[in-house]
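*Asks:* A single structure is presented below for examination.
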Amino acid sequence: MTDKPRVAVVTFPGSNDDHDAAWALGAVGADPVAAWHQDAELPAGTGGVVLPGGFSYGDYLRTGAIASVAPVMDAVRAFAAAGGPVLGICNGFQTLCEARLLPGVLRPNRQLEFVCEDVTVRVENADAPFLSRCSPGQELVIPVKHGEGAWYADQWTFVQLAARGQIVLRYADDVNGALGNVAGVVNQARNVMGLMPHPEHAVDPLLGSGDGGLLLAALVDTAAAFRATLAVA
C-alpha cells in the first residue's frame with residue numbers, strides 16, 4: 001500500500017471503462033485498486049469507490065439493475081453508509097439509482113439514439129466533495145456516451161432535490177431529454193454522486209479537455225480525508 005489514497009474501481013461483467021477510470025484516478029494522485037462484482041468486501045484501506053461505465057451484465061432487465069444486487073454492492077452500501085465517497089459514472093450512475101443510493105432513474109435518450117460527444121455541463125452546486133475544486137456556475141467540457149442517460153424523477157422528488165441542492169450538474173443544452181437537463185446528482189448526505197458524463201475521459205487537454213480531472217481529483221481529496229478520519233477513530 002502507498003501513501004496515496006486508495007480508490008476501489010468496481011468491475012462488473014460488461015464494464016468497459018474500469019481500466020480508463022483506474023488510469024485517470026492514478027493520473028490525479030490516487031492509488032487505484034480493483035474490486036470484483038463477486039467480492040464480499042472492498043479492498044483493505046479503501047478511501048473511495050468508483051462504479052465505472054459500461055454495460056454491466058449486458059444491461060439485461062434495465063441498465064444497472066442486475067449490478068445493483070451484485071455481492072459487492074452490499075459492501076458499497078456499507079461504505080456509503082459510513083460516509084465514504086462513492087462516485088458512479090454512466091452505467092455506475094444507473095447502478096446507484098437502481099440500488100436506491102441515489103434518487104431517480106435513467107431512461108432511454110429522448111432521440112432513441114446512442115449519444116457520443118463532448119458536452120458542456122454547468123456546476124449548479126459545488127457544496128459536495130466531488131465538486132470542491134469547482135465553483136457554482138462553472139462550465140465543464142466532458143464527453144458523454146450513452147443510450148439510456150435521460151435522468152428522470154417525479155415532480156415532487158425533482159423539486160425537493162433542487163431545493164436541497166442535490167442537483168449538482170446540468171447540461172448546458174438538451175443532450176438526451178433529461179428532466180431539467182440534469183447531468184449529475186448527489187444523495188442527501190452528499191457523499192454519493194452519479195453523473196452521466198465521463199470525467200475519466202477528460203483528464204488531459206491533449207484529448208480535448210482536462211475538466212473531468214477536477215471531479216476525480218476532488219474525489220481523491222475526499223478519499224484521503226475519509227481514510228484519515230477512520231485512522232483517528
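In the C-alpha cells, each chain is lettered A, B, ... as it comes, each chain's residues begin at 1, and ligands are numbered from 1 in order of appearance.
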DSSP on the backbone: which residues in region 21-228 of chain A end up as helix (DSSP H, G or I)? Give the answer as an MDAnalysis selection string.
*Replies:* chainID A and resid 21:27 56:59 67:69 72:81 91:98 129:131 155:163 179:181 199:201 205:207 212:228
*Asks:* List as a compact mmCIF listing (two decimals) with N, CA and C atoms, in the first residue's frame the protein and nucleic acid residues near Val7 (chain A), meaning an atom at most 7 Å away when only C-alpha atoms are counted, but skip any in the same chain fewer than 3 places from it.
*Replies:*
# COMPACT_ATOMS: atom_id res chain seq x y z
N ALA A 30 -4.35 9.17 -7.10
CA ALA A 30 -4.92 8.07 -6.32
C ALA A 30 -4.08 6.81 -6.48
N ASP A 31 -4.33 5.87 -5.60
CA ASP A 31 -3.83 4.50 -5.73
C ASP A 31 -5.02 3.65 -6.11
N PRO A 32 -5.29 3.50 -7.42
CA PRO A 32 -6.48 2.75 -7.84
C PRO A 32 -6.29 1.25 -7.63
N VAL A 33 -7.31 0.61 -7.08
CA VAL A 33 -7.27 -0.83 -6.86
C VAL A 33 -8.55 -1.45 -7.42
N THR A 46 -9.55 1.01 1.55
CA THR A 46 -10.31 1.79 0.57
C THR A 46 -10.80 3.10 1.17
N GLY A 47 -10.52 4.19 0.46
CA GLY A 47 -10.99 5.50 0.90
C GLY A 47 -12.04 6.09 0.00
N GLY A 48 -12.23 5.48 -1.17
CA GLY A 48 -13.23 5.94 -2.11
C GLY A 48 -13.58 4.81 -3.06
N VAL A 49 -14.75 4.91 -3.68
CA VAL A 49 -15.23 3.87 -4.59
C VAL A 49 -15.72 4.52 -5.89
*Asks:* Got a sec: who's within 10 Å of Gly177 (chain A), counting only C-alpha atoms, leaving out chain neighbours fewer than 5 positions off, as a short mmCIF file (atom, residue, chain, number, x, y, z; two decimals) with C-alpha atoms, in the first residue's frame?
*Replies:*
data_model
loop_
_atom_site.label_atom_id
_atom_site.label_comp_id
_atom_site.auth_asym_id
_atom_site.auth_seq_id
_atom_site.Cartn_x
_atom_site.Cartn_y
_atom_site.Cartn_z
CA ARG A 107 -34.38 6.31 -19.15
CA PRO A 108 -33.68 5.93 -22.89
CA ASN A 109 -32.49 9.09 -24.58
CA ARG A 110 -35.24 11.30 -25.98
CA GLN A 111 -33.97 10.76 -29.53
CA LEU A 112 -33.77 6.97 -29.01
CA GLY A 149 -28.93 8.57 -19.94
CA ALA A 150 -32.06 10.69 -19.56
CA TRP A 151 -32.39 11.20 -15.80
CA TYR A 152 -35.96 11.35 -14.54
CA VAL A 182 -29.87 17.07 -15.08
#
*Asks:* Near Ser135 (chain A), within 10 Å and counting only C-alpha atoms, which residues show up once chain neighbours fewer than 5 positions away are dropped, as a list in words?
*Replies:* Arg122, Val123, Glu124, Asn125, Ala126 and Asp127 of chain A
*Asks:* Looking only at strand (DSSP E or B) from DSSP on the backbone, list the matching residues of region 111-147 of chain A as number ranges by chain.
*Replies:* A: 115-123, 139-146
*Asks:* So that each row is one residue of region 146-192 of chain A with an atom at most 12 Å from region 219-223 of chain A, can you give its shortest atom pair and the distance in Å to one decimal, using only C-alpha atoms, rows by chain and rising number, as a tab-separated table?
*Replies:*
residue	atom	partner	partner_atom	distance
A:Arg190	CA	A:Thr222	CA	11.4
A:Asn191	CA	A:Thr222	CA	9.1
A:Val192	CA	A:Leu219	CA	10.5
*Asks:* Listing only residues of region 124-176 of chain A within 12 Å of region 85-94 of chain A, what is the closest atom pair and its distance in Å (to one decimal) for each, using only C-alpha atoms, sorted by chain and residue number ascending, as a tab-separated table?
*Replies:*
residue	atom	partner	partner_atom	distance
A:Ala128	CA	A:Pro85	CA	10.3
A:Pro129	CA	A:Pro85	CA	8.1
A:Phe130	CA	A:Leu87	CA	8.2
A:Leu131	CA	A:Leu87	CA	11.5
A:Ile142	CA	A:Ile89	CA	11.9
A:Pro143	CA	A:Cys90	CA	10.8
A:Val144	CA	A:Cys90	CA	8.2
A:Lys145	CA	A:Cys90	CA	8.1
A:His146	CA	A:Cys90	CA	7.3
A:Gly147	CA	A:Cys90	CA	10.1
A:Glu148	CA	A:Gln94	CA	8.8
A:Gly149	CA	A:Cys90	CA	7.4
A:Ala150	CA	A:Gln94	CA	10.3
A:Trp151	CA	A:Gln94	CA	9.1
A:Tyr152	CA	A:Gln94	CA	11.3
*Asks:* Just write the chosen residues, N, CA and C atoms, as a compact mmCIF listing (two decimals), in the first residue's frame.
*Replies:*
# COMPACT_ATOMS: atom_id res chain seq x y z
N ALA A 128 -20.54 19.90 -2.50
CA ALA A 128 -20.42 18.44 -2.44
C ALA A 128 -18.94 18.13 -2.64
N PRO A 129 -18.43 17.13 -1.93
CA PRO A 129 -16.99 16.84 -2.00
C PRO A 129 -16.48 16.64 -3.42
N PHE A 130 -17.27 16.05 -4.28
CA PHE A 130 -16.83 15.74 -5.64
C PHE A 130 -16.64 17.01 -6.49
N LEU A 131 -17.19 18.13 -6.04
CA LEU A 131 -17.12 19.38 -6.80
C LEU A 131 -16.36 20.46 -6.04
N ILE A 142 -17.02 17.77 -20.85
CA ILE A 142 -16.78 16.36 -20.54
C ILE A 142 -17.58 15.53 -21.55
N PRO A 143 -17.02 14.44 -22.06
CA PRO A 143 -17.75 13.65 -23.04
C PRO A 143 -18.84 12.77 -22.43
N VAL A 144 -19.87 12.51 -23.22
CA VAL A 144 -20.90 11.53 -22.86
C VAL A 144 -20.90 10.43 -23.90
N LYS A 145 -21.36 9.25 -23.49
CA LYS A 145 -21.55 8.14 -24.44
C LYS A 145 -22.55 7.18 -23.83
N HIS A 146 -23.79 7.35 -24.18
CA HIS A 146 -24.84 6.54 -23.58
C HIS A 146 -26.09 6.49 -24.46
N GLY A 147 -26.86 5.45 -24.26
CA GLY A 147 -28.14 5.31 -24.94
C GLY A 147 -29.31 5.48 -24.00
N GLU A 148 -29.05 5.32 -22.70
CA GLU A 148 -30.10 5.45 -21.68
C GLU A 148 -29.58 6.34 -20.57
N GLY A 149 -29.51 7.62 -20.89
CA GLY A 149 -28.93 8.57 -19.94
C GLY A 149 -29.83 9.71 -19.54
N ALA A 150 -31.12 9.62 -19.88
CA ALA A 150 -32.06 10.69 -19.56
C ALA A 150 -32.55 10.51 -18.12
N TRP A 151 -31.99 11.31 -17.21
CA TRP A 151 -32.39 11.20 -15.80
C TRP A 151 -33.82 11.69 -15.64
N TYR A 152 -34.56 10.99 -14.77
CA TYR A 152 -35.96 11.35 -14.54
C TYR A 152 -36.34 11.05 -13.10
*Asks:* For Tyr171 (chain A), work out the shell of residues within 9 Å, counting only C-alpha atoms and skipping chain neighbours fewer than 2 positions away, then give it as a ChimeraX atom specification.
*Replies:* /A:119-122,169,173-175,178,180-183
*Asks:* Name all residues at most 8 Å from region 22-29 of chain A (count only C-alpha atoms; drop same-chain ones fewer than 4 positions away) and give them as a PyMOL selection string.
*Replies:* chain A and resi 4-5+7+9+18+33+200-201+203+213+216-217+220
*Asks:* Keeping only N, CA and C atoms, take the residues you just selected and write them out as a JSON list (two decimals), in the first residue's frame.
*Replies:*
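again-v2.json, written as the output of this step:
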[["chain", "number", "residue", "atom", "x", "y", "z"],
["A", 4, "LYS", "N", -0.66, 7.17, -1.14],
["A", 4, "LYS", "CA", -1.73, 7.76, -1.92],
["A", 4, "LYS", "C", -3.07, 7.19, -1.47],
["A", 5, "PRO", "N", -4.13, 8.01, -1.50],
["A", 5, "PRO", "CA", -5.46, 7.50, -1.12],
["A", 5, "PRO", "C", -5.90, 6.38, -2.06],
["A", 7, "VAL", "N", -8.46, 4.16, -3.99],
["A", 7, "VAL", "CA", -9.81, 4.24, -4.55],
["A", 7, "VAL", "C", -10.10, 2.93, -5.28],
["A", 9, "VAL", "N", -12.04, 0.58, -7.80],
["A", 9, "VAL", "CA", -12.82, 0.65, -9.03],
["A", 9, "VAL", "C", -13.47, -0.71, -9.22],
["A", 18, "ASP", "N", -13.57, 0.55, -16.74],
["A", 18, "ASP", "CA", -12.91, 0.37, -15.45],
["A", 18, "ASP", "C", -11.42, 0.68, -15.53],
["A", 33, "VAL", "N", -7.31, 0.61, -7.08],
["A", 33, "VAL", "CA", -7.27, -0.83, -6.86],
["A", 33, "VAL", "C", -8.55, -1.45, -7.42],
["A", 200, "GLU", "N", -13.40, 10.51, -16.55],
["A", 200, "GLU", "CA", -12.14, 9.78, -16.78],
["A", 200, "GLU", "C", -11.63, 9.95, -18.20],
["A", 201, "HIS", "N", -12.49, 10.43, -19.10],
["A", 201, "HIS", "CA", -12.07, 10.68, -20.47],
["A", 201, "HIS", "C", -11.78, 12.16, -20.71],
["A", 203, "VAL", "N", -9.23, 14.13, -18.68],
["A", 203, "VAL", "CA", -8.20, 14.47, -17.68],
["A", 203, "VAL", "C", -6.94, 15.03, -18.33],
["A", 213, "GLY", "N", -10.80, 15.99, -14.77],
["A", 213, "GLY", "CA", -9.80, 15.80, -13.72],
["A", 213, "GLY", "C", -10.14, 16.55, -12.45],
["A", 216, "LEU", "N", -12.41, 14.13, -10.49],
["A", 216, "LEU", "CA", -11.69, 12.96, -9.97],
["A", 216, "LEU", "C", -10.68, 13.36, -8.91],
["A", 217, "ALA", "N", -10.01, 14.50, -9.09],
["A", 217, "ALA", "CA", -9.06, 14.97, -8.08],
["A", 217, "ALA", "C", -9.77, 15.30, -6.78],
["A", 220, "VAL", "N", -10.37, 12.15, -4.99],
["A", 220, "VAL", "CA", -9.14, 11.70, -4.34],
["A", 220, "VAL", "C", -8.91, 12.47, -3.04]]
*Asks:* Which one is closest to Val10 (chain A): A:Pro52, A:Pro199, A:Pro43, A:Pro103? Count only C-alpha atoms.
*Replies:*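 Closest residue, counting only C-alpha atoms: A:Pro52.
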